[in-house]
file query33.pdb (PDB, C-alpha atoms, pLDDT in the B column)
MODEL        1
ATOM      1  CA  MET A   1       0.000   0.000   0.000  1.00 60.00           C
ATOM      2  CA  LEU A   2       2.810   2.397   0.909  1.00 56.00           C
ATOM      3  CA  GLN A   3       4.478   1.942  -2.492  1.00 67.00           C
ATOM      4  CA  MET A   4       1.515   3.371  -4.342  1.00 78.00           C
ATOM      5  CA  LYS A   5       1.430   6.861  -5.734  1.00 81.00           C
ATOM      6  CA  VAL A   6      -1.147   9.322  -4.515  1.00 83.00           C
ATOM      7  CA  ARG A   7      -2.224  12.592  -6.025  1.00 84.00           C
ATOM      8  CA  VAL A   8      -1.656  15.736  -4.006  1.00 83.00           C
ATOM      9  CA  ASN A   9      -2.316  19.344  -4.895  1.00 83.00           C
ATOM     10  CA  ARG A  10       0.170  22.184  -4.850  1.00 82.00           C
ATOM     11  CA  SER A  11      -0.414  22.978  -1.215  1.00 86.00           C
ATOM     12  CA  PHE A  12       1.458  19.779  -0.318  1.00 85.00           C
ATOM     13  CA  PHE A  13       4.619  21.322  -1.748  1.00 83.00           C
ATOM     14  CA  TYR A  14       3.912  24.619   0.000  1.00 86.00           C
ATOM     15  CA  ILE A  15       3.708  22.649   3.238  1.00 88.00           C
ATOM     16  CA  LEU A  16       6.942  20.796   2.418  1.00 84.00           C
ATOM     17  CA  SER A  17       8.653  24.142   1.740  1.00 83.00           C
ATOM     18  CA  GLY A  18       7.325  25.470   5.019  1.00 87.00           C
ATOM     19  CA  LEU A  19       8.672  22.395   6.803  1.00 86.00           C
ATOM     20  CA  VAL A  20      12.151  22.904   5.305  1.00 82.00           C
ATOM     21  CA  LEU A  21      12.105  26.591   6.259  1.00 84.00           C
ATOM     22  CA  TRP A  22      10.867  25.834   9.761  1.00 88.00           C
ATOM     23  CA  ILE A  23      13.551  23.220  10.379  1.00 84.00           C
ATOM     24  CA  ALA A  24      16.114  25.690   9.001  1.00 81.00           C
ATOM     25  CA  ALA A  25      14.742  28.349  11.332  1.00 82.00           C
ATOM     26  CA  GLY A  26      15.799  26.123  14.224  1.00 80.00           C
ATOM     27  CA  ALA A  27      19.147  25.043  12.754  1.00 75.00           C
ATOM     28  CA  VAL A  28      20.466  28.450  11.668  1.00 76.00           C
ATOM     29  CA  PRO A  29      20.523  30.071  15.157  1.00 76.00           C
ATOM     30  CA  VAL A  30      22.338  26.996  16.500  1.00 75.00           C
ATOM     31  CA  PHE A  31      25.011  27.447  13.812  1.00 74.00           C
ATOM     32  CA  LEU A  32      25.324  31.110  14.768  1.00 76.00           C
ATOM     33  CA  VAL A  33      25.522  30.369  18.506  1.00 74.00           C
ATOM     34  CA  PHE A  34      28.455  28.029  17.902  1.00 72.00           C
ATOM     35  CA  ASP A  35      30.200  30.659  15.714  1.00 72.00           C
ATOM     36  CA  ARG A  36      29.571  28.755  12.495  1.00 73.00           C
ATOM     37  CA  VAL A  37      28.394  31.922  10.784  1.00 79.00           C
ATOM     38  CA  PHE A  38      29.287  30.775   7.272  1.00 79.00           C
ATOM     39  CA  TYR A  39      27.335  27.530   7.652  1.00 75.00           C
ATOM     40  CA  GLY A  40      24.437  29.439   9.184  1.00 75.00           C
ATOM     41  CA  VAL A  41      24.216  31.875   6.288  1.00 80.00           C
ATOM     42  CA  ALA A  42      24.737  29.088   3.733  1.00 77.00           C
ATOM     43  CA  SER A  43      21.993  27.007   5.380  1.00 74.00           C
ATOM     44  CA  ALA A  44      19.563  29.917   5.333  1.00 79.00           C
ATOM     45  CA  LEU A  45      20.249  30.560   1.630  1.00 80.00           C
ATOM     46  CA  LEU A  46      19.960  26.858   0.747  1.00 76.00           C
ATOM     47  CA  ALA A  47      16.725  26.482   2.670  1.00 77.00           C
ATOM     48  CA  ALA A  48      15.228  29.548   1.024  1.00 80.00           C
ATOM     49  CA  THR A  49      16.295  28.313  -2.428  1.00 78.00           C
ATOM     50  CA  ALA A  50      14.905  24.839  -1.719  1.00 74.00           C
ATOM     51  CA  ALA A  51      11.619  26.287  -0.507  1.00 75.00           C
ATOM     52  CA  VAL A  52      11.174  28.418  -3.620  1.00 78.00           C
ATOM     53  CA  LEU A  53      12.291  25.738  -6.079  1.00 73.00           C
ATOM     54  CA  SER A  54      10.228  22.909  -4.589  1.00 71.00           C
ATOM     55  CA  VAL A  55       7.113  24.999  -5.185  1.00 74.00           C
ATOM     56  CA  ALA A  56       8.256  26.372  -8.537  1.00 74.00           C
ATOM     57  CA  ARG A  57       9.020  22.892  -9.895  1.00 70.00           C
ATOM     58  CA  HIS A  58       5.475  21.704  -9.233  1.00 69.00           C
ATOM     59  CA  ARG A  59       3.328  24.210 -11.070  1.00 71.00           C
ATOM     60  CA  SER A  60       0.586  21.774 -12.045  1.00 73.00           C
ATOM     61  CA  PRO A  61      -2.521  21.802  -9.807  1.00 75.00           C
ATOM     62  CA  SER A  62      -1.933  18.182  -8.761  1.00 78.00           C
ATOM     63  CA  THR A  63       1.057  15.849  -8.759  1.00 76.00           C
ATOM     64  CA  ASP A  64       1.537  12.164  -8.032  1.00 79.00           C
ATOM     65  CA  VAL A  65       3.873  11.455  -5.115  1.00 79.00           C
ATOM     66  CA  VAL A  66       5.212   8.163  -3.766  1.00 80.00           C
ATOM     67  CA  LEU A  67       3.418   7.482  -0.487  1.00 83.00           C
ATOM     68  CA  LEU A  68       6.294   5.511   1.088  1.00 83.00           C
ATOM     69  CA  THR A  69       8.876   8.256   0.484  1.00 80.00           C
ATOM     70  CA  SER A  70       6.544  11.003   1.619  1.00 84.00           C
ATOM     71  CA  VAL A  71       5.524   9.207   4.822  1.00 88.00           C
ATOM     72  CA  ALA A  72       9.157   8.332   5.626  1.00 86.00           C
ATOM     73  CA  LEU A  73      10.220  11.948   5.125  1.00 84.00           C
ATOM     74  CA  LEU A  74       7.494  13.163   7.441  1.00 88.00           C
ATOM     75  CA  ILE A  75       8.415  10.588  10.104  1.00 91.00           C
ATOM     76  CA  GLY A  76      12.057  11.677   9.683  1.00 87.00           C
ATOM     77  CA  ALA A  77      11.021  15.259  10.351  1.00 87.00           C
ATOM     78  CA  LEU A  78       9.279  14.054  13.514  1.00 91.00           C
ATOM     79  CA  VAL A  79      12.463  12.239  14.587  1.00 90.00           C
ATOM     80  CA  LEU A  80      14.264  15.589  14.338  1.00 86.00           C
ATOM     81  CA  THR A  81      12.034  16.865  17.143  1.00 90.00           C
ATOM     82  CA  LEU A  82      13.581  14.371  19.606  1.00 90.00           C
ATOM     83  CA  PRO A  83      16.866  16.292  20.253  1.00 86.00           C
ATOM     84  CA  PRO A  84      15.244  19.649  21.097  1.00 88.00           C
ATOM     85  CA  LEU A  85      12.635  17.859  23.204  1.00 91.00           C
ATOM     86  CA  ALA A  86      15.355  16.014  25.137  1.00 90.00           C
ATOM     87  CA  LEU A  87      17.265  19.278  25.640  1.00 86.00           C
ATOM     88  CA  GLY A  88      14.132  21.122  26.739  1.00 88.00           C
ATOM     89  CA  VAL A  89      12.950  18.436  29.158  1.00 89.00           C
ATOM     90  CA  GLY A  90      16.452  17.840  30.524  1.00 87.00           C
ATOM     91  CA  LEU A  91      17.174  21.500  31.185  1.00 85.00           C
ATOM     92  CA  ALA A  92      13.652  22.483  32.216  1.00 85.00           C
ATOM     93  CA  GLY A  93      14.783  23.391  35.729  1.00 80.00           C
ATOM     94  CA  HIS A  94      17.908  25.263  34.675  1.00 81.00           C
ATOM     95  CA  TRP A  95      16.955  27.328  31.631  1.00 81.00           C
ATOM     96  CA  PRO A  96      14.761  30.436  31.575  1.00 84.00           C
ATOM     97  CA  PHE A  97      11.239  29.631  30.485  1.00 85.00           C
ATOM     98  CA  GLN A  98      11.670  31.772  27.338  1.00 87.00           C
ATOM     99  CA  TYR A  99      14.172  29.248  25.932  1.00 86.00           C
ATOM    100  CA  LEU A 100      11.827  26.381  26.746  1.00 90.00           C
ATOM    101  CA  ALA A 101       8.938  28.231  25.110  1.00 91.00           C
ATOM    102  CA  LEU A 102      11.025  28.688  21.942  1.00 90.00           C
ATOM    103  CA  ILE A 103      11.893  24.979  21.872  1.00 90.00           C
ATOM    104  CA  LEU A 104       8.230  24.092  22.381  1.00 92.00           C
ATOM    105  CA  LEU A 105       7.204  26.471  19.595  1.00 93.00           C
ATOM    106  CA  TYR A 106       9.765  24.879  17.268  1.00 92.00           C
ATOM    107  CA  VAL A 107       8.592  21.343  18.031  1.00 94.00           C
ATOM    108  CA  VAL A 108       4.900  22.219  17.778  1.00 95.00           C
ATOM    109  CA  GLY A 109       5.599  23.945  14.444  1.00 95.00           C
ATOM    110  CA  ILE A 110       7.168  20.795  13.016  1.00 93.00           C
ATOM    111  CA  PHE A 111       4.226  18.734  14.283  1.00 95.00           C
ATOM    112  CA  LEU A 112       1.751  21.126  12.643  1.00 96.00           C
ATOM    113  CA  PHE A 113       3.556  21.043   9.285  1.00 94.00           C
ATOM    114  CA  VAL A 114       3.762  17.251   9.397  1.00 94.00           C
ATOM    115  CA  ALA A 115       0.079  16.990  10.335  1.00 95.00           C
ATOM    116  CA  ALA A 116      -0.888  19.292   7.459  1.00 94.00           C
ATOM    117  CA  ALA A 117       1.172  17.234   5.000  1.00 91.00           C
ATOM    118  CA  ALA A 118      -0.291  13.998   6.389  1.00 92.00           C
ATOM    119  CA  ILE A 119      -3.816  15.350   5.831  1.00 93.00           C
ATOM    120  CA  GLN A 120      -2.923  16.085   2.204  1.00 90.00           C
ATOM    121  CA  LEU A 121      -1.560  12.565   1.764  1.00 89.00           C
ATOM    122  CA  ARG A 122      -4.664  11.077   3.393  1.00 91.00           C
ATOM    123  CA  ARG A 123      -6.861  12.944   0.940  1.00 90.00           C
ATOM    124  CA  GLY A 124      -4.761  11.516  -1.882  1.00 87.00           C
ATOM    125  CA  VAL A 125      -5.137   7.981  -0.522  1.00 87.00           C
ATOM    126  CA  ILE A 126      -8.925   8.374  -0.204  1.00 88.00           C
ATOM    127  CA  GLN A 127      -9.129   9.759  -3.728  1.00 86.00           C
ATOM    128  CA  ARG A 128      -7.043   6.863  -5.069  1.00 83.00           C
ATOM    129  CA  ARG A 129      -9.323   4.335  -3.350  1.00 83.00           C
ATOM    130  CA  ARG A 130     -12.389   5.992  -4.815  1.00 84.00           C
ATOM    131  CA  GLU A 131     -10.853   5.841  -8.286  1.00 81.00           C
ATOM    132  CA  GLN A 132     -10.195   2.134  -7.767  1.00 78.00           C
ATOM    133  CA  GLY A 133     -13.760   1.612  -6.616  1.00 76.00           C
ATOM    134  CA  ASN A 134     -12.952   1.010  -2.929  1.00 64.00           C
ATOM    135  CA  PRO A 135     -14.476   3.922  -1.037  1.00 57.00           C
TER     136      PRO A 135
ATOM    137  CA  MET B   1      32.920  33.160  41.464  1.00 45.00           C
ATOM    138  CA  LEU B   2      34.831  32.794  38.197  1.00 49.00           C
ATOM    139  CA  ALA B   3      37.573  34.971  39.691  1.00 47.00           C
ATOM    140  CA  ARG B   4      38.208  32.131  42.140  1.00 54.00           C
ATOM    141  CA  ALA B   5      38.596  29.515  39.401  1.00 54.00           C
ATOM    142  CA  ASP B   6      42.379  29.561  39.812  1.00 57.00           C
ATOM    143  CA  ASP B   7      42.109  28.859  43.534  1.00 59.00           C
ATOM    144  CA  PRO B   8      44.210  25.708  44.164  1.00 58.00           C
ATOM    145  CA  ASN B   9      41.395  24.381  46.346  1.00 57.00           C
ATOM    146  CA  PHE B  10      39.203  24.135  43.283  1.00 59.00           C
ATOM    147  CA  SER B  11      41.736  22.728  40.796  1.00 60.00           C
ATOM    148  CA  GLY B  12      42.710  19.109  40.284  1.00 59.00           C
ATOM    149  CA  PRO B  13      40.681  16.101  39.150  1.00 56.00           C
ATOM    150  CA  MET B  14      37.779  16.739  41.541  1.00 56.00           C
ATOM    151  CA  GLY B  15      37.914  20.523  41.431  1.00 61.00           C
ATOM    152  CA  PHE B  16      36.589  23.379  39.391  1.00 65.00           C
ATOM    153  CA  THR B  17      38.956  22.950  36.435  1.00 70.00           C
ATOM    154  CA  HIS B  18      37.721  19.405  35.992  1.00 70.00           C
ATOM    155  CA  PHE B  19      34.169  20.670  35.517  1.00 70.00           C
ATOM    156  CA  LEU B  20      35.309  23.410  33.158  1.00 73.00           C
ATOM    157  CA  ALA B  21      37.031  20.739  31.062  1.00 75.00           C
ATOM    158  CA  LEU B  22      33.780  18.770  31.096  1.00 73.00           C
ATOM    159  CA  LEU B  23      31.899  21.830  29.870  1.00 72.00           C
ATOM    160  CA  ARG B  24      34.421  22.285  27.073  1.00 77.00           C
ATOM    161  CA  GLU B  25      34.067  18.620  26.068  1.00 77.00           C
ATOM    162  CA  THR B  26      30.290  19.019  26.077  1.00 75.00           C
ATOM    163  CA  GLU B  27      30.531  22.003  23.752  1.00 74.00           C
ATOM    164  CA  GLU B  28      32.776  20.045  21.390  1.00 76.00           C
ATOM    165  CA  ALA B  29      30.318  17.135  21.465  1.00 74.00           C
ATOM    166  CA  MET B  30      27.491  19.533  20.636  1.00 71.00           C
ATOM    167  CA  VAL B  31      29.422  20.978  17.674  1.00 71.00           C
ATOM    168  CA  THR B  32      30.241  17.496  16.361  1.00 73.00           C
ATOM    169  CA  GLN B  33      26.618  16.465  16.748  1.00 70.00           C
ATOM    170  CA  LEU B  34      25.509  19.651  15.055  1.00 68.00           C
ATOM    171  CA  GLY B  35      27.564  18.656  12.016  1.00 69.00           C
ATOM    172  CA  GLU B  36      25.953  15.209  11.888  1.00 68.00           C
ATOM    173  CA  THR B  37      22.460  16.632  12.269  1.00 67.00           C
ATOM    174  CA  ALA B  38      23.192  19.214   9.578  1.00 67.00           C
ATOM    175  CA  LEU B  39      23.811  16.380   7.111  1.00 65.00           C
ATOM    176  CA  SER B  40      20.254  15.159   7.510  1.00 64.00           C
ATOM    177  CA  TYR B  41      18.979  18.697   7.260  1.00 66.00           C
ATOM    178  CA  PHE B  42      20.847  19.194   4.002  1.00 66.00           C
ATOM    179  CA  GLY B  43      19.426  15.879   2.791  1.00 65.00           C
ATOM    180  CA  LEU B  44      15.917  17.208   3.282  1.00 66.00           C
ATOM    181  CA  ILE B  45      16.865  20.361   1.389  1.00 66.00           C
ATOM    182  CA  GLY B  46      18.321  18.195  -1.389  1.00 65.00           C
ATOM    183  CA  VAL B  47      15.043  16.349  -1.763  1.00 65.00           C
ATOM    184  CA  ALA B  48      13.159  19.620  -1.911  1.00 63.00           C
ATOM    185  CA  LEU B  49      15.624  21.036  -4.442  1.00 58.00           C
ATOM    186  CA  ALA B  50      15.415  18.043  -6.733  1.00 58.00           C
ATOM    187  CA  GLY B  51      11.645  17.828  -6.418  1.00 61.00           C
ATOM    188  CA  CYS B  52      12.189  14.150  -5.690  1.00 62.00           C
ATOM    189  CA  VAL B  53       8.974  13.684  -3.767  1.00 59.00           C
ATOM    190  CA  GLY B  54       7.021  14.280  -6.921  1.00 56.00           C
ATOM    191  CA  SER B  55       8.834  11.792  -9.135  1.00 56.00           C
ATOM    192  CA  ALA B  56      10.169   8.266  -8.980  1.00 50.00           C
ATOM    193  CA  GLY B  57      13.353   8.428 -11.057  1.00 51.00           C
ATOM    194  CA  ILE B  58      16.186   6.189  -9.855  1.00 53.00           C
ATOM    195  CA  GLY B  59      18.307   9.226  -8.913  1.00 57.00           C
ATOM    196  CA  CYS B  60      15.467  10.584  -6.851  1.00 66.00           C
ATOM    197  CA  VAL B  61      14.933   7.236  -5.153  1.00 69.00           C
ATOM    198  CA  VAL B  62      18.589   7.226  -4.052  1.00 71.00           C
ATOM    199  CA  ALA B  63      18.465  10.893  -2.982  1.00 70.00           C
ATOM    200  CA  GLY B  64      15.234  10.295  -1.099  1.00 73.00           C
ATOM    201  CA  ALA B  65      16.596   7.191   0.640  1.00 77.00           C
ATOM    202  CA  LEU B  66      19.769   9.057   1.662  1.00 75.00           C
ATOM    203  CA  ALA B  67      17.758  12.005   2.957  1.00 76.00           C
ATOM    204  CA  ILE B  68      15.435   9.748   4.962  1.00 81.00           C
ATOM    205  CA  ALA B  69      18.375   7.765   6.381  1.00 81.00           C
ATOM    206  CA  GLY B  70      20.087  11.068   7.222  1.00 79.00           C
ATOM    207  CA  LEU B  71      17.023  12.405   8.981  1.00 81.00           C
ATOM    208  CA  PHE B  72      16.681   9.288  11.118  1.00 85.00           C
ATOM    209  CA  HIS B  73      20.421   9.031  11.837  1.00 83.00           C
ATOM    210  CA  GLY B  74      20.793  12.737  12.619  1.00 81.00           C
ATOM    211  CA  GLY B  75      17.734  12.891  14.840  1.00 84.00           C
ATOM    212  CA  ILE B  76      18.378   9.696  16.783  1.00 88.00           C
ATOM    213  CA  SER B  77      22.138  10.208  17.227  1.00 84.00           C
ATOM    214  CA  ALA B  78      21.619  13.815  18.377  1.00 82.00           C
ATOM    215  CA  PHE B  79      18.932  12.606  20.788  1.00 87.00           C
ATOM    216  CA  LEU B  80      21.219   9.924  22.251  1.00 87.00           C
ATOM    217  CA  THR B  81      24.184  12.306  22.499  1.00 84.00           C
ATOM    218  CA  ILE B  82      22.105  14.900  24.332  1.00 84.00           C
ATOM    219  CA  LEU B  83      20.597  12.271  26.619  1.00 87.00           C
ATOM    220  CA  PHE B  84      23.730  10.332  27.572  1.00 86.00           C
ATOM    221  CA  ARG B  85      26.572  12.823  27.124  1.00 81.00           C
ATOM    222  CA  VAL B  86      25.522  16.459  27.041  1.00 81.00           C
ATOM    223  CA  LEU B  87      22.926  16.501  29.812  1.00 84.00           C
ATOM    224  CA  PRO B  88      25.033  14.522  32.359  1.00 83.00           C
ATOM    225  CA  ASP B  89      28.002  16.861  31.723  1.00 79.00           C
ATOM    226  CA  VAL B  90      25.819  19.943  32.073  1.00 80.00           C
ATOM    227  CA  PHE B  91      24.377  18.603  35.330  1.00 82.00           C
ATOM    228  CA  ASP B  92      27.919  17.956  36.625  1.00 78.00           C
ATOM    229  CA  VAL B  93      28.866  21.552  35.897  1.00 76.00           C
ATOM    230  CA  VAL B  94      25.667  22.853  37.485  1.00 79.00           C
ATOM    231  CA  ASP B  95      26.435  20.768  40.577  1.00 78.00           C
ATOM    232  CA  ALA B  96      29.981  22.181  40.619  1.00 73.00           C
ATOM    233  CA  PHE B  97      28.686  25.742  40.582  1.00 74.00           C
ATOM    234  CA  HIS B  98      26.220  24.843  43.325  1.00 76.00           C
ATOM    235  CA  PHE B  99      29.067  23.342  45.370  1.00 74.00           C
ATOM    236  CA  LEU B 100      31.116  26.531  44.913  1.00 71.00           C
ATOM    237  CA  ASP B 101      28.156  28.672  45.919  1.00 73.00           C
ATOM    238  CA  LEU B 102      27.829  26.701  49.119  1.00 76.00           C
ATOM    239  CA  HIS B 103      31.511  26.568  50.054  1.00 69.00           C
ATOM    240  CA  CYS B 104      32.904  29.877  48.836  1.00 63.00           C
ATOM    241  CA  PRO B 105      34.034  31.942  51.818  1.00 57.00           C
TER     242      PRO B 105
ENDMDL
END

call {"tool": "encode", "arguments": {"input": "query33.pdb", "output": "structure tokens"}}
result
Amino acid sequence: MLQMKVRVNRSFFYILSGLVLWIAAGAVPVFLVFDRVFYGVASALLAATAAVLSVARHRSPSTDVVLLTSVALLIGALVLTLPPLALGVGLAGHWPFQYLALILLYVVGIFLFVAAAAIQLRRGVIQRRREQGNP
Amino acid sequence: MLARADDPNFSGPMGFTHFLALLRETEEAMVTQLGETALSYFGLIGVALAGCVGSAGIGCVVAGALAIAGLFHGGISAFLTILFRVLPDVFDVVDAFHFLDLHCP
């Protein structure tokens, strides 16, 4: 089932771009904090380019995507929330609450983007089943 | 308190310098881990750049698989490093500062 292709509309790629930008929004300050300014700037530029191109390359109203790859990518993005969560929970008693709030915002943002993308994929799966006569 | 870091009472294997060395090691571990996590992050960008999600060419399959493996490896290894290396070192340093607060004349 996961190897099948499902049809998603353009908003799926907007969401994917948003996910890349959001993850970059968390990674770039970390680069800057550790004095990796070049990598921070390069990451920001790459993320912005990726976000623009991933939308620009999919101009058609709907595109077929591989369900397995898409689901794995989304789960991978969720796995990336583990390190900030561990840092936030571990240092909850030592850090100011503003830092913890930022970490929570970052994690919740990733969850929201992944949920939005998952909803798009679910619509595609339902549509595919209807086309095959299995509502 | 930092002005007393060179106090001989706080140097040595169980003293202040030991905890400062721990903090330095923790920072180095964080930087190393940051590099590994960045690989997965760049993998995700690569997928977005190539538009691989929308196609099933063999190049895209490889790029997608690498990006997914990178995401999982980066996320899990960073999680384990923070859990078993960074946090214990940070707690040691916090305890050291607490000890100094209590015993500083």

call {"tool": "residues_around", "arguments": {"input": "query33.pdb", "residues": "Lys5 in chain A", "least_positions_apart": "3", "cutoff": "6 Å", "atoms": "all atoms listed in the file", "output": "MDAnalysis selection string"}}
result
chainID A and resid 64:67

call {"tool": "closest_residue", "arguments": {"input": "query33.pdb", "among": "B:His73, B:Leu100, B:Ile68, B:Val90", "to": "chain A", "atoms": "only C-alpha atoms"}}
result
B:Ile68

call {"tool": "resolve_selection", "arguments": {"input": "query33.pdb", "expression": "the PyMOL selection byres ((chain B and resi 85-89) around 12)", "output": "MDAnalysis selection string"}}
result
(chainID A and resid 83 86:92 94) or (chainID B and resid 18:33 77:84 90:96)

call {"tool": "atom_distance", "arguments": {"input": "query33.pdb", "atom1": "CA of Pro84 in chain A", "atom2": "CA of Gly26 in chain A"}}
result
9.5 Å

call {"tool": "residues_near_point", "arguments": {"input": "query33.pdb", "point": "(2.2, 18.5, -4.8)", "cutoff": "12 Å", "atoms": "all atoms listed in the file", "output": "ChimeraX atom specification"}}
result
/A:5-17,54-67,70,117,120-121,124 /B:48,51-55

call {"tool": "closest_residue", "arguments": {"input": "query33.pdb", "among": "B:Leu66, B:Thr17, B:Ile76, B:Asp101", "to": "chain A", "atoms": "only C-alpha atoms"}}
result
B:Ile76

call {"tool": "resolve_selection", "arguments": {"input": "query33.pdb", "expression": "the PyMOL selection byres ((chain A and resi 38-40) around 12)", "output": "MDAnalysis selection string"}}
result
(chainID A and resid 24:37 41:47) or (chainID B and resid 34:35 38:39 42)

call {"tool": "atom_distance", "arguments": {"input": "query33.pdb", "atom1": "CA of Ile75 in chain A", "atom2": "CA of Gly70 in chain B"}}
result
12.0 Å

call {"tool": "atom_distance", "arguments": {"input": "query33.pdb", "atom1": "CA of Gly75 in chain B", "atom2": "CA of Val79 in chain A"}}
result
5.3 Å

call {"tool": "residues_around", "arguments": {"input": "query33.pdb", "residues": "range 18-20 of chain A", "least_positions_apart": "5", "cutoff": "7 Å", "atoms": "only C-alpha atoms", "output": "list in words"}}
result
Ala47, Ala51, Ile110 and Phe113 of chain A; Ile45 of chain B

call {"tool": "closest_residue", "arguments": {"input": "query33.pdb", "among": "A:Leu104, A:Ile23, A:Leu80, A:Met4", "to": "chain B", "atoms": "all atoms listed in the file"}}
result
A:Leu80

call {"tool": "closest_residue", "arguments": {"input": "query33.pdb", "among": "B:Ala65, B:Leu71, B:Leu102, B:Phe97", "to": "Leu82 in chain A", "atoms": "all atoms listed in the file"}}
result
B:Leu71

call {"tool": "axis_aligned_box", "arguments": {"input": "query33.pdb", "around": "range 112-123 of chain A", "padding_each_side": "6 Å", "output": "JSON"}}
result
{"center_x": -1.5, "center_y": 16.1, "center_z": 6.8, "size_x": 22.6, "size_y": 22.0, "size_z": 23.7}

call {"tool": "closest_residue", "arguments": {"input": "query33.pdb", "among": "A:Gly76, A:Ile126, A:Ala115, A:Leu85", "to": "Ala101 in chain A", "atoms": "all atoms listed in the file"}}
result
A:Leu85

call {"tool": "closest_residue", "arguments": {"input": "query33.pdb", "among": "A:Leu53, A:Leu21, A:Leu68, A:Leu74", "to": "chain B", "atoms": "all atoms listed in the file"}}
result
A:Leu53
